[in-house]
file run.tsv (TSV, C-alpha atoms)
chain	number	residue	atom	x	y	z
A	387	MET	CA	54.17	-14.15	26.81
A	388	ILE	CA	55.01	-12.94	23.32
A	389	SER	CA	53.16	-14.43	20.34
A	390	LYS	CA	53.38	-13.86	16.62
A	391	PHE	CA	51.14	-14.66	13.65
A	392	ALA	CA	52.90	-16.94	11.21
A	393	ASN	CA	51.41	-15.23	8.17
A	394	GLU	CA	48.45	-13.20	6.95
A	395	THR	CA	46.39	-16.33	6.28
A	396	ASP	CA	46.54	-17.34	9.95
A	397	ARG	CA	45.59	-13.84	10.99
A	398	ASP	CA	42.56	-13.87	8.69
A	399	ALA	CA	41.58	-17.27	10.05
A	400	ILE	CA	41.54	-15.88	13.59
A	401	ALA	CA	39.32	-13.00	12.48
A	402	ALA	CA	36.95	-15.41	10.75
A	403	CYS	CA	36.54	-17.32	14.00
A	404	LEU	CA	34.50	-14.46	15.40
A	405	ASN	CA	31.68	-16.45	13.85
A	406	PRO	CA	30.80	-19.02	16.55
A	407	ASN	CA	29.87	-21.56	13.89
A	408	THR	CA	33.46	-21.67	12.59
A	409	THR	CA	36.15	-23.79	14.22
A	410	MET	CA	39.91	-23.39	14.26
A	411	GLY	CA	40.09	-26.81	12.68
A	412	ARG	CA	39.34	-25.16	9.34
A	413	SER	CA	42.13	-22.59	9.53
A	414	GLY	CA	44.38	-24.65	7.29
A	415	GLU	CA	43.91	-25.18	3.58
A	416	GLY	CA	44.62	-28.89	3.52
A	417	LEU	CA	42.15	-31.57	2.52
A	418	GLY	CA	40.12	-33.35	5.14
A	419	PRO	CA	36.62	-33.83	6.53
A	420	ALA	CA	34.85	-30.66	7.66
A	421	PRO	CA	34.03	-30.56	11.37
A	422	SER	CA	30.33	-30.48	12.20
A	423	GLY	CA	27.95	-30.21	15.12
A	424	ILE	CA	29.06	-26.73	16.20
A	425	TRP	CA	26.20	-24.24	16.54
A	426	THR	CA	25.15	-21.29	18.63
A	427	LYS	CA	22.49	-23.50	20.24
A	428	PRO	CA	22.88	-26.93	21.90
A	429	THR	CA	20.61	-28.51	19.31
A	430	PHE	CA	19.89	-27.56	15.73
A	431	VAL	CA	16.60	-28.69	14.28
A	432	VAL	CA	16.16	-28.56	10.52
A	433	THR	CA	12.54	-28.31	9.40
A	434	ASP	CA	11.30	-30.33	6.45
A	435	LEU	CA	12.85	-28.78	3.36
A	436	VAL	CA	11.19	-29.51	0.03
A	437	LEU	CA	12.90	-28.24	-3.10
A	438	VAL	CA	10.90	-30.04	-5.79
A	439	ASN	CA	9.26	-26.84	-7.11
A	440	ASP	CA	11.98	-24.31	-6.32
A	441	ARG	CA	13.40	-24.01	-9.84
A	442	LEU	CA	9.93	-23.46	-11.26
A	443	ILE	CA	9.19	-20.81	-8.62
A	444	TYR	CA	12.49	-19.15	-9.49
A	445	ASP	CA	11.43	-19.06	-13.16
A	446	TRP	CA	8.14	-17.47	-12.12
A	447	GLN	CA	10.00	-14.82	-10.11
A	448	THR	CA	12.03	-14.00	-13.21
A	449	TYR	CA	8.77	-13.60	-15.16
A	450	ALA	CA	7.27	-11.50	-12.33
A	451	GLY	CA	10.19	-9.05	-12.35
A	452	ARG	CA	7.81	-6.44	-13.77
A	453	TYR	CA	6.06	-6.29	-10.40
A	454	ASP	CA	7.11	-4.45	-7.27
A	455	GLN	CA	9.21	-6.58	-4.89
A	456	LYS	CA	6.49	-6.48	-2.21
A	457	THR	CA	4.00	-7.82	-4.74
A	458	ILE	CA	6.36	-10.63	-5.71
A	459	ASP	CA	6.85	-11.57	-2.05
A	460	LYS	CA	3.08	-11.80	-1.53
A	461	HIS	CA	2.68	-14.01	-4.58
A	462	VAL	CA	5.49	-16.32	-3.46
A	463	ALA	CA	3.87	-16.61	-0.02
A	464	SER	CA	0.63	-17.67	-1.73
A	465	ILE	CA	2.47	-20.24	-3.85
A	466	ARG	CA	4.15	-21.68	-0.76
A	467	PHE	CA	0.77	-21.88	0.97
A	468	CYS	CA	-0.55	-23.82	-2.00
A	469	GLU	CA	2.39	-26.22	-1.80
A	470	SER	CA	1.88	-26.94	1.88
A	471	ALA	CA	-1.88	-27.39	1.45
A	472	VAL	CA	-1.34	-30.41	-0.81
A	473	GLY	CA	1.73	-31.91	0.87
A	474	ASN	CA	4.48	-30.22	-1.16
A	475	LYS	CA	3.53	-32.02	-4.33
A	476	ASP	CA	5.28	-31.48	-7.66
A	477	PHE	CA	3.32	-28.88	-9.66
A	478	ALA	CA	3.59	-31.14	-12.71
A	479	ASN	CA	1.29	-33.67	-10.98
A	480	TYR	CA	-1.41	-31.28	-9.78
A	481	THR	CA	-5.04	-32.21	-10.36
A	482	CYS	CA	-8.31	-30.31	-10.09
A	483	ARG	CA	-8.89	-31.99	-6.73
A	484	ASP	CA	-5.61	-30.56	-5.45
A	485	LEU	CA	-6.74	-27.02	-6.29
A	486	SER	CA	-10.11	-27.70	-4.70
A	487	ALA	CA	-8.24	-28.74	-1.54
A	488	VAL	CA	-6.29	-25.47	-1.66
A	489	ARG	CA	-9.57	-23.55	-1.95
A	490	THR	CA	-10.94	-25.45	1.05
A	491	SER	CA	-7.83	-24.54	3.05
A	492	LEU	CA	-8.27	-20.89	2.12
A	493	ILE	CA	-11.92	-20.83	3.18
A	494	ALA	CA	-11.04	-22.59	6.46
A	495	GLN	CA	-8.85	-19.62	7.41
A	496	LEU	CA	-11.97	-17.47	7.74
A	497	ASP	CA	-13.04	-19.54	10.76
A	498	ALA	CA	-9.56	-20.10	12.21
A	499	GLU	CA	-8.63	-19.01	15.73
A	500	SER	CA	-7.63	-15.40	16.39
A	501	GLU	CA	-4.03	-15.17	15.16
A	502	ARG	CA	-4.50	-17.57	12.24
A	503	ARG	CA	-7.81	-16.08	11.16
A	504	LYS	CA	-7.71	-14.18	7.87
A	505	SER	CA	-10.05	-11.60	6.40
A	506	LYS	CA	-12.15	-12.05	3.28
A	507	SER	CA	-9.96	-9.53	1.51
A	508	PHE	CA	-6.83	-11.56	2.32
A	509	ILE	CA	-8.47	-14.76	1.03
A	510	ARG	CA	-9.61	-13.07	-2.17
A	511	HIS	CA	-6.15	-11.71	-2.87
A	512	ARG	CA	-4.48	-15.06	-2.19
A	513	ALA	CA	-6.86	-16.90	-4.50
A	514	SER	CA	-6.31	-14.29	-7.20
A	515	GLU	CA	-2.53	-14.59	-6.88
A	516	LEU	CA	-2.73	-18.37	-7.21
A	517	ARG	CA	-4.99	-18.15	-10.25
A	518	GLY	CA	-2.42	-15.91	-11.89
A	519	PHE	CA	0.36	-18.38	-11.11
A	520	PHE	CA	-1.47	-21.41	-12.51
A	521	THR	CA	-2.49	-19.48	-15.61
A	522	TRP	CA	1.21	-18.82	-16.19
A	523	LEU	CA	2.12	-22.42	-15.31
A	524	LEU	CA	-0.06	-23.92	-18.04
A	525	LYS	CA	1.97	-22.00	-20.64
A	526	GLN	CA	5.30	-23.46	-19.51
A	527	LYS	CA	7.07	-26.27	-21.33
A	528	GLY	CA	6.24	-29.66	-19.81
A	529	TYR	CA	3.07	-28.46	-18.03
A	530	GLY	CA	0.71	-28.33	-20.99
A	531	ARG	CA	-0.84	-31.68	-20.09
A	532	LEU	CA	-2.29	-30.28	-16.85
A	533	PRO	CA	-6.09	-29.72	-16.86
A	534	LYS	CA	-6.91	-26.49	-18.69
A	535	ASP	CA	-9.50	-25.53	-16.08
A	536	LEU	CA	-7.07	-25.98	-13.20
A	537	ALA	CA	-7.20	-22.35	-12.07
A	538	ASP	CA	-11.01	-22.32	-12.19
A	539	HIS	CA	-11.10	-24.59	-9.14
A	540	LEU	CA	-9.77	-21.70	-7.05
A	541	GLU	CA	-12.95	-19.68	-7.57
A	542	LEU	CA	-14.34	-18.70	-4.17
A	543	PRO	CA	-18.00	-18.71	-3.02
A	544	ARG	CA	-19.95	-15.53	-3.69
A	545	ALA	CA	-20.27	-14.84	0.03
A	546	ILE	CA	-16.50	-14.29	0.25
A	547	HIS	CA	-16.63	-11.76	-2.59
A	548	ALA	CA	-19.21	-9.76	-0.66
A	549	ILE	CA	-17.80	-6.74	1.14
A	550	GLU	CA	-17.24	-7.30	4.84
A	551	ALA	CA	-19.40	-5.23	7.14
A	552	SER	CA	-16.35	-4.17	9.15
A	553	GLY	CA	-14.58	-2.99	6.00
A	554	VAL	CA	-17.40	-0.91	4.51
A	555	THR	CA	-16.80	2.17	6.62
A	556	ARG	CA	-13.13	2.73	7.21
A	557	PRO	CA	-12.95	5.85	9.37
A	558	TYR	CA	-11.85	9.05	7.70
A	559	PRO	CA	-12.17	12.71	8.69
A	560	THR	CA	-14.19	15.35	6.90
A	561	MET	CA	-12.08	18.07	5.30
A	562	ASP	CA	-13.10	20.49	8.05
A	563	GLU	CA	-11.94	18.01	10.69
A	564	ALA	CA	-8.67	17.42	8.81
A	565	ALA	CA	-8.04	21.17	8.60
A	566	LYS	CA	-8.56	21.55	12.37
A	567	MET	CA	-6.17	18.65	12.99
A	568	LEU	CA	-3.55	20.27	10.75
A	569	VAL	CA	-3.80	23.67	12.44
A	570	GLY	CA	-3.53	22.01	15.86
A	571	MET	CA	-0.26	20.20	15.07
A	572	PRO	CA	2.88	21.59	16.77
A	573	THR	CA	5.44	23.56	14.73
A	574	LYS	CA	8.21	24.18	17.26
A	575	SER	CA	10.88	21.79	15.98
A	576	ILE	CA	11.87	20.89	12.44
A	577	LEU	CA	10.56	17.36	13.01
A	578	ASP	CA	7.21	18.86	14.02
A	579	ARG	CA	7.11	20.89	10.83
A	580	ARG	CA	8.04	17.86	8.75
A	581	ALA	CA	5.17	15.88	10.27
A	582	ARG	CA	2.81	18.76	9.58
A	583	ALA	CA	3.91	18.98	5.93
A	584	ILE	CA	3.55	15.21	5.47
A	585	PHE	CA	0.01	15.34	6.85
A	586	ALA	CA	-0.93	18.31	4.66
A	587	LEU	CA	0.49	16.85	1.43
A	588	ALA	CA	-1.29	13.52	2.00
A	589	PHE	CA	-4.61	15.38	1.61
A	590	LEU	CA	-3.46	17.93	-0.94
A	591	GLY	CA	-2.56	15.21	-3.43
A	592	ALA	CA	-4.49	12.18	-2.08
A	593	LEU	CA	-1.16	10.33	-1.93
A	594	ARG	CA	-0.36	6.89	-0.58
A	595	ALA	CA	2.14	6.70	2.27
A	596	ASP	CA	4.87	5.02	0.20
A	597	THR	CA	4.52	7.55	-2.62
A	598	LEU	CA	4.45	10.44	-0.17
A	599	ILE	CA	7.67	9.53	1.62
A	600	SER	CA	9.56	8.92	-1.64
A	601	LEU	CA	8.92	12.43	-3.02
A	602	ARG	CA	11.90	14.59	-3.96
A	603	MET	CA	12.16	18.36	-4.04
A	604	LYS	CA	11.78	18.53	-7.82
A	605	HIS	CA	8.45	16.67	-7.68
A	606	ILE	CA	6.67	19.63	-6.04
A	607	ASP	CA	5.89	22.51	-8.39
A	608	VAL	CA	4.71	25.31	-6.10
A	609	GLU	CA	3.99	27.81	-8.87
A	610	ARG	CA	1.77	25.46	-10.88
A	611	GLN	CA	0.44	23.73	-7.73
A	612	VAL	CA	1.26	20.33	-9.17
A	613	ILE	CA	2.84	17.10	-7.88
A	614	GLN	CA	4.91	15.25	-10.46
A	615	GLN	CA	4.38	11.55	-9.65
A	616	ASN	CA	7.19	9.83	-11.54
A	617	ALA	CA	7.15	6.04	-11.18
A	618	SER	CA	10.79	5.74	-12.28
A	619	GLU	CA	11.92	7.87	-9.33
A	620	MET	CA	9.29	7.15	-6.69
A	621	ARG	CA	7.46	4.24	-5.11
A	622	THR	CA	4.02	4.26	-6.71
A	623	LYS	CA	1.24	1.71	-6.99
A	624	ASN	CA	1.46	-0.34	-10.20
A	625	GLY	CA	4.27	1.89	-11.48
A	626	LYS	CA	1.83	4.69	-12.28
A	627	SER	CA	3.14	8.11	-13.35
A	628	LEU	CA	0.79	11.07	-13.10
A	629	GLU	CA	0.71	14.84	-12.87
A	630	ILE	CA	-1.47	15.56	-9.82
A	631	GLY	CA	-3.07	18.95	-9.33
A	632	TRP	CA	-3.46	20.14	-5.74
A	633	PHE	CA	-7.04	19.54	-4.62
A	634	PRO	CA	-8.98	22.75	-3.87
A	635	ILE	CA	-9.27	22.32	-0.12
A	636	ALA	CA	-8.61	24.63	2.86
A	637	PRO	CA	-5.69	27.06	2.27
A	638	ALA	CA	-3.88	25.74	5.37
A	639	PHE	CA	-2.89	22.59	3.46
A	640	SER	CA	-1.19	24.35	0.55
A	641	GLU	CA	0.36	27.00	2.82
A	642	THR	CA	1.94	24.28	4.96
A	643	VAL	CA	3.45	22.50	1.94
A	644	VAL	CA	4.74	25.75	0.41
A	645	GLY	CA	6.27	26.75	3.74
A	646	TRP	CA	8.03	23.40	4.12
A	647	LYS	CA	9.55	23.46	0.64
A	648	SER	CA	10.68	27.03	1.19
A	649	GLU	CA	12.38	26.00	4.45
A	650	MET	CA	14.12	23.09	2.73
A	651	THR	CA	15.24	25.36	-0.11
A	652	GLU	CA	16.77	27.79	2.41
A	653	ARG	CA	18.72	24.85	3.81
A	654	ARG	CA	20.14	24.20	0.34
A	655	LEU	CA	18.03	21.21	-0.63
A	656	ARG	CA	17.34	21.00	-4.34
A	657	GLY	CA	16.24	18.79	-7.24
A	658	ASN	CA	16.97	15.16	-6.33
A	659	ASP	CA	17.11	15.69	-2.57
A	660	ALA	CA	14.38	14.04	-0.51
A	661	LEU	CA	11.45	16.34	0.22
A	662	PHE	CA	11.15	14.70	3.65
A	663	PRO	CA	14.69	13.82	4.85
A	664	ALA	CA	15.31	11.37	7.68
A	665	ASN	CA	15.70	12.50	11.30
A	666	THR	CA	19.47	12.05	11.22
A	667	VAL	CA	19.69	14.45	8.29
A	668	LEU	CA	17.35	17.07	9.72
A	669	GLU	CA	19.11	17.08	13.08
A	670	GLY	CA	22.62	16.89	11.64
A	671	ALA	CA	25.06	19.57	10.51
A	672	TRP	CA	23.87	19.77	6.90
A	673	ARG	CA	22.98	23.42	6.53
A	674	HIS	CA	26.26	24.28	4.83
A	675	ARG	CA	26.77	21.18	2.74
A	676	PRO	CA	28.57	21.82	-0.57
A	677	VAL	CA	26.54	22.14	-3.74
A	678	SER	CA	28.40	19.21	-5.33
A	679	SER	CA	27.45	16.77	-2.57
A	680	GLU	CA	25.40	13.62	-3.20
A	681	PRO	CA	21.59	13.99	-3.12
A	682	ILE	CA	19.91	13.33	0.22
A	683	PRO	CA	18.15	9.96	-0.17
A	684	VAL	CA	14.47	9.40	0.52
A	685	MET	CA	13.50	7.27	3.48
A	686	ARG	CA	12.93	3.58	2.79
A	687	SER	CA	10.28	3.20	5.46
A	688	LYS	CA	6.94	4.99	5.70
A	689	CYS	CA	7.11	5.14	9.50
A	690	ALA	CA	7.41	8.93	9.37
A	691	VAL	CA	4.03	9.12	7.63
A	692	ASN	CA	2.39	6.92	10.26
A	693	ALA	CA	4.00	9.04	12.97
A	694	ALA	CA	2.72	12.25	11.36
A	695	PHE	CA	-0.87	10.99	11.36
A	696	ALA	CA	-0.52	9.72	14.92
A	697	ARG	CA	0.65	13.18	15.97
A	698	ALA	CA	-2.24	14.85	14.14
A	699	CYS	CA	-4.73	12.53	15.86
A	700	ALA	CA	-3.23	12.94	19.33
A	701	GLY	CA	-5.97	13.67	21.82
A	702	GLY	CA	-8.75	12.83	19.37
A	703	GLU	CA	-11.30	10.06	19.66
A	704	THR	CA	-10.38	8.42	16.33
A	705	GLN	CA	-6.94	7.42	15.14
A	706	TYR	CA	-6.83	7.86	11.37
A	707	THR	CA	-4.41	6.05	9.08
A	708	PRO	CA	-2.49	7.70	6.20
A	709	HIS	CA	-4.84	6.02	3.72
A	710	SER	CA	-7.78	7.86	5.28
A	711	ALA	CA	-6.64	10.95	3.34
A	712	LYS	CA	-7.67	9.31	0.06
A	713	HIS	CA	-11.05	8.37	1.54
A	714	ALA	CA	-11.56	11.93	2.76
A	715	ILE	CA	-10.77	13.39	-0.67
A	716	ALA	CA	-13.11	10.90	-2.37
A	717	ALA	CA	-15.92	11.80	0.05
A	718	GLU	CA	-15.28	15.49	-0.59
A	719	ARG	CA	-15.97	14.90	-4.30
A	720	ASP	CA	-19.47	13.71	-3.45
A	721	ARG	CA	-20.15	16.72	-1.23
A	722	ARG	CA	-19.47	19.22	-4.02
A	723	PRO	CA	-21.88	20.15	-6.85
A	724	LEU	CA	-19.54	18.94	-9.59
A	725	THR	CA	-20.52	18.26	-13.18
A	726	GLN	CA	-20.03	14.78	-14.61
A	727	GLU	CA	-16.84	15.98	-16.25
A	728	GLY	CA	-15.69	17.49	-12.96
A	729	ARG	CA	-16.28	14.23	-11.09
A	730	LYS	CA	-14.28	12.36	-13.72
A	731	ALA	CA	-11.39	14.84	-13.42
A	732	TRP	CA	-11.47	14.51	-9.61
A	733	SER	CA	-11.22	10.70	-9.83
A	734	GLU	CA	-8.42	10.76	-12.41
A	735	ASN	CA	-6.51	13.26	-10.27
A	736	MET	CA	-6.65	10.65	-7.48
A	737	GLY	CA	-4.92	8.22	-9.83
A	738	HIS	CA	-8.03	6.17	-10.58
A	739	GLU	CA	-8.72	4.94	-14.10
A	740	SER	CA	-12.47	5.32	-13.68
A	741	GLU	CA	-15.03	6.94	-11.43
A	742	GLN	CA	-16.26	3.47	-10.49
A	743	ILE	CA	-13.01	2.79	-8.61
A	744	THR	CA	-13.44	5.97	-6.56
A	745	THR	CA	-17.10	5.22	-5.85
A	746	SER	CA	-16.63	1.54	-5.02
A	747	HIS	CA	-13.56	1.66	-2.83
A	748	TYR	CA	-13.23	5.14	-1.33
A	749	GLY	CA	-15.23	7.54	0.79
A	750	ARG	CA	-18.04	5.20	1.77
A	751	LEU	CA	-20.66	6.82	3.99
A	752	PRO	CA	-20.46	5.97	7.71
A	753	PRO	CA	-23.69	4.30	8.93
A	754	GLU	CA	-24.77	7.28	11.03
A	755	ARG	CA	-24.29	9.69	8.09
A	756	ARG	CA	-26.20	7.36	5.75
A	757	LEU	CA	-29.16	7.16	8.14
A	758	GLU	CA	-29.13	10.92	8.63
A	759	LEU	CA	-29.28	11.55	4.88
A	760	VAL	CA	-32.10	9.06	4.44
A	761	ARG	CA	-34.16	10.76	7.14
A	762	THR	CA	-33.59	14.27	5.77
A	763	SER	CA	-34.14	13.40	2.10
A	764	SER	CA	-37.90	12.87	2.44
A	765	GLY	CA	-38.65	16.51	1.64
A	766	GLY	CA	-41.27	16.80	4.40
A	767	LEU	CA	-43.44	14.00	3.04
A	768	ILE	CA	-42.98	11.63	5.98
A	769	GLY	CA	-46.35	10.21	6.98
A	770	ARG	CA	-48.02	10.97	3.64
A	771	SER	CA	-48.60	7.98	1.40
A	772	ALA	CA	-49.50	9.91	-1.81
A	773	ILE	CA	-50.78	13.17	-3.27
A	774	THR	CA	-54.59	13.44	-3.47
A	775	ASP	CA	-56.44	13.88	-6.75
A	776	SER	CA	-57.47	17.44	-5.88
A	777	GLU	CA	-53.84	18.34	-5.23
A	778	LYS	CA	-52.83	16.86	-8.59
A	779	ILE	CA	-55.51	18.93	-10.36
A	780	ALA	CA	-54.34	22.07	-8.58
A	781	ILE	CA	-50.74	21.45	-9.68
A	782	VAL	CA	-51.74	20.95	-13.32
A	783	ASP	CA	-53.91	24.07	-13.27
A	784	ALA	CA	-51.00	26.09	-11.88
A	785	VAL	CA	-48.68	24.87	-14.61
A	786	LEU	CA	-51.19	25.65	-17.36
A	787	ALA	CA	-51.79	29.12	-15.91
A	788	SER	CA	-48.09	29.88	-15.95
A	789	MET	CA	-47.89	28.95	-19.65
A	790	ARG	CA	-50.58	31.43	-20.72
call {"tool": "encode", "arguments": {"input": "run.tsv", "output": "structure tokens"}}
result
Amino acid sequence: MISKFANETDRDAIAACLNPNTTMGRSGEGLGPAPSGIWTKPTFVVTDLVLVNDRLIYDWQTYAGRYDQKTIDKHVASIRFCESAVGNKDFANYTCRDLSAVRTSLIAQLDAESERRKSKSFIRHRASELRGFFTWLLKQKGYGRLPKDLADHLELPRAIHAIEASGVTRPYPTMDEAAKMLVGMPTKSILDRRARAIFALAFLGALRADTLISLRMKHIDVERQVIQQNASEMRTKNGKSLEIGWFPIAPAFSETVVGWKSEMTERRLRGNDALFPANTVLEGAWRHRPVSSEPIPVMRSKCAVNAAFARACAGGETQYTPHSAKHAIAAERDRRPLTQEGRKAWSENMGHESEQITTSHYGRLPPERRLELVRTSSGGLIGRSAITDSEKIAIVDAVLASMR
């Protein structure tokens, strides 16, 4: 049987019908009712859809454009949680009792069953995100009549602001342990060497996983031993730009990074090319690419960083995360006899605005190390309640004699 398309429009209509939700009844351009009830599943259930606050949330997203997209998504999730907690009510009609109900719903998640249970940190962040939203809301036209203390009703109990016992001691290696892990990583394939360089640079610059994977060749200055963290070209926390000096740790870390950049340079990577290209690039025929070719893009996912740490921890008792590198560097600061100025420089090189941030959030002592230090810091005075009077007199006499 021979068939023929009448015209290009009919042919395009046939191609469009590859979508199972499209019927041939719509192939013509004439007026008429649209067919319905055709879906990929026998039944199609539409959940309750409430749009009363959508335009306002869209306006907030426009205002929040200064934030990273992941941050915006988290804030929107918090706003949607707030909506559902009070029955999808119009924000213009919110009362202090509504916000108190939202707070109650947040606190209830601490005692929820396994999958729905949330941590104190999650609850604190969600409450903070909602306070920021309602502070913004009160400044919008038509919402000025809302109670001025609306956001205050999201304040959580003090117990929730206390640090969780399970979160106090996130595991991290000592620098000696990290160096042994680095030396033990395989180097046979180019993917092995990339993993090794990722692991080394995480400690050398105390970098976050997202920042680490978005580095380009030009961001590593081998001669000056500096990492140029440029927020306009990389994924950094809070859009922070910083010149990071390599931390003075075991030579194996810097040697690994220098070796990796040298290998990438030999393969004609330069300036804007990704420092850590994707697998498809590393395993492809790219050694002889022309100089005028487009820059090799950085990876969008940080999976390669997670994989590098998993490979470094293979066979070990503890599986460390990429963020453990920052904890290890912070703990190393406390182990060294640094001056006050030196401690400040160490913290700022980690990207922290103050030493308090480093001390409060990074490098906390594991319980066993804390107990060990307490036991050994007594100076041999265990079991002695005080110095006797005769001993005090002897000490004073010795001091006076030395001054003569």
call {"tool": "residues_around", "arguments": {"input": "run.tsv", "residues": "range 640-646 of chain A", "least_positions_apart": "5", "cutoff": "8 Å", "atoms": "only C-alpha atoms", "output": "JSON, numbers by chain"}}
result
{"A": [579, 580, 582, 583, 586, 587, 590, 608, 632]}
call {"tool": "atom_distance", "arguments": {"input": "run.tsv", "atom1": "CA of Pro708 in chain A", "atom2": "CA of Ser740 in chain A"}}
result
22.4 Å
call {"tool": "atom_distance", "arguments": {"input": "run.tsv", "atom1": "CA of Glu609 in chain A", "atom2": "CA of Phe589 in chain A"}}
result
18.4 Å
call {"tool": "atom_distance", "arguments": {"input": "run.tsv", "atom1": "CA of Ile630 in chain A", "atom2": "CA of Gly591 in chain A"}}
result
6.5 Å
call {"tool": "residues_around", "arguments": {"input": "run.tsv", "residues": "range 542-546 of chain A", "least_positions_apart": "3", "cutoff": "8 Å", "atoms": "all atoms listed in the file", "output": "list in words"}}
result
Arg489, Lys506, Arg510, Ala513 and Ile549 of chain A
call {"tool": "closest_residue", "arguments": {"input": "run.tsv", "among": "A:Ala487, A:Val782, A:Leu492, A:Ala716", "to": "Ser733 in chain A", "atoms": "all atoms listed in the file"}}
result
A:Ala716
call {"tool": "closest_atom_pairs", "arguments": {"input": "run.tsv", "of": "range 634-678 of chain A", "to": "range 683-703 of chain A", "cutoff": "8 Å", "atoms": "all atoms listed in the file", "output": "CSV"}}
result
residue,atom,partner,partner_atom,distance
A:Asp659,CA,A:Pro683,CA,6.3
A:Ala660,CA,A:Val684,CA,4.8
A:Leu661,CA,A:Val684,CA,7.6
A:Phe662,CA,A:Val684,CA,7.0
A:Pro663,CA,A:Val684,CA,6.2
A:Ala664,CA,A:Met685,CA,6.1
call {"tool": "residues_around", "arguments": {"input": "run.tsv", "residues": "Ser470 in chain A", "least_positions_apart": "3", "cutoff": "12 Å", "atoms": "only C-alpha atoms", "output": "JSON, numbers by chain"}}
result
{"A": [434, 435, 436, 439, 463, 464, 465, 466, 467, 473, 474, 475, 476, 477, 484, 485, 487, 488, 491, 492]}
call {"tool": "closest_residue", "arguments": {"input": "run.tsv", "among": "A:Asn658, A:Thr560, A:Thr481, A:Ser627", "to": "Lys534 in chain A", "atoms": "only C-alpha atoms"}}
result
A:Thr481
call {"tool": "residues_around", "arguments": {"input": "run.tsv", "residues": "Asp454 in chain A", "least_positions_apart": "5", "cutoff": "10 Å", "atoms": "all atoms listed in the file", "output": "PDB file with C-alpha atoms, in the frame of the given file"}}
result
ATOM      1  CA  ASP A 459       6.850 -11.570  -2.050  1.00  0.00           C
ATOM      2  CA  ARG A 621       7.460   4.240  -5.110  1.00  0.00           C
ATOM      3  CA  THR A 622       4.020   4.260  -6.710  1.00  0.00           C
ATOM      4  CA  LYS A 623       1.240   1.710  -6.990  1.00  0.00           C
ATOM      5  CA  ASN A 624       1.460  -0.340 -10.200  1.00  0.00           C
ATOM      6  CA  GLY A 625       4.270   1.890 -11.480  1.00  0.00           C
TER       7      GLY A 625
END
call {"tool": "closest_residue", "arguments": {"input": "run.tsv", "among": "A:Leu577, A:Ile682, A:Met650, A:Thr704", "to": "Glu669 in chain A", "atoms": "only C-alpha atoms"}}
result
A:Leu577
call {"tool": "closest_residue", "arguments": {"input": "run.tsv", "among": "A:Ala588, A:Ala565, A:Ile743, A:Ile493", "to": "Glu541 in chain A", "atoms": "only C-alpha atoms"}}
result
A:Ile493
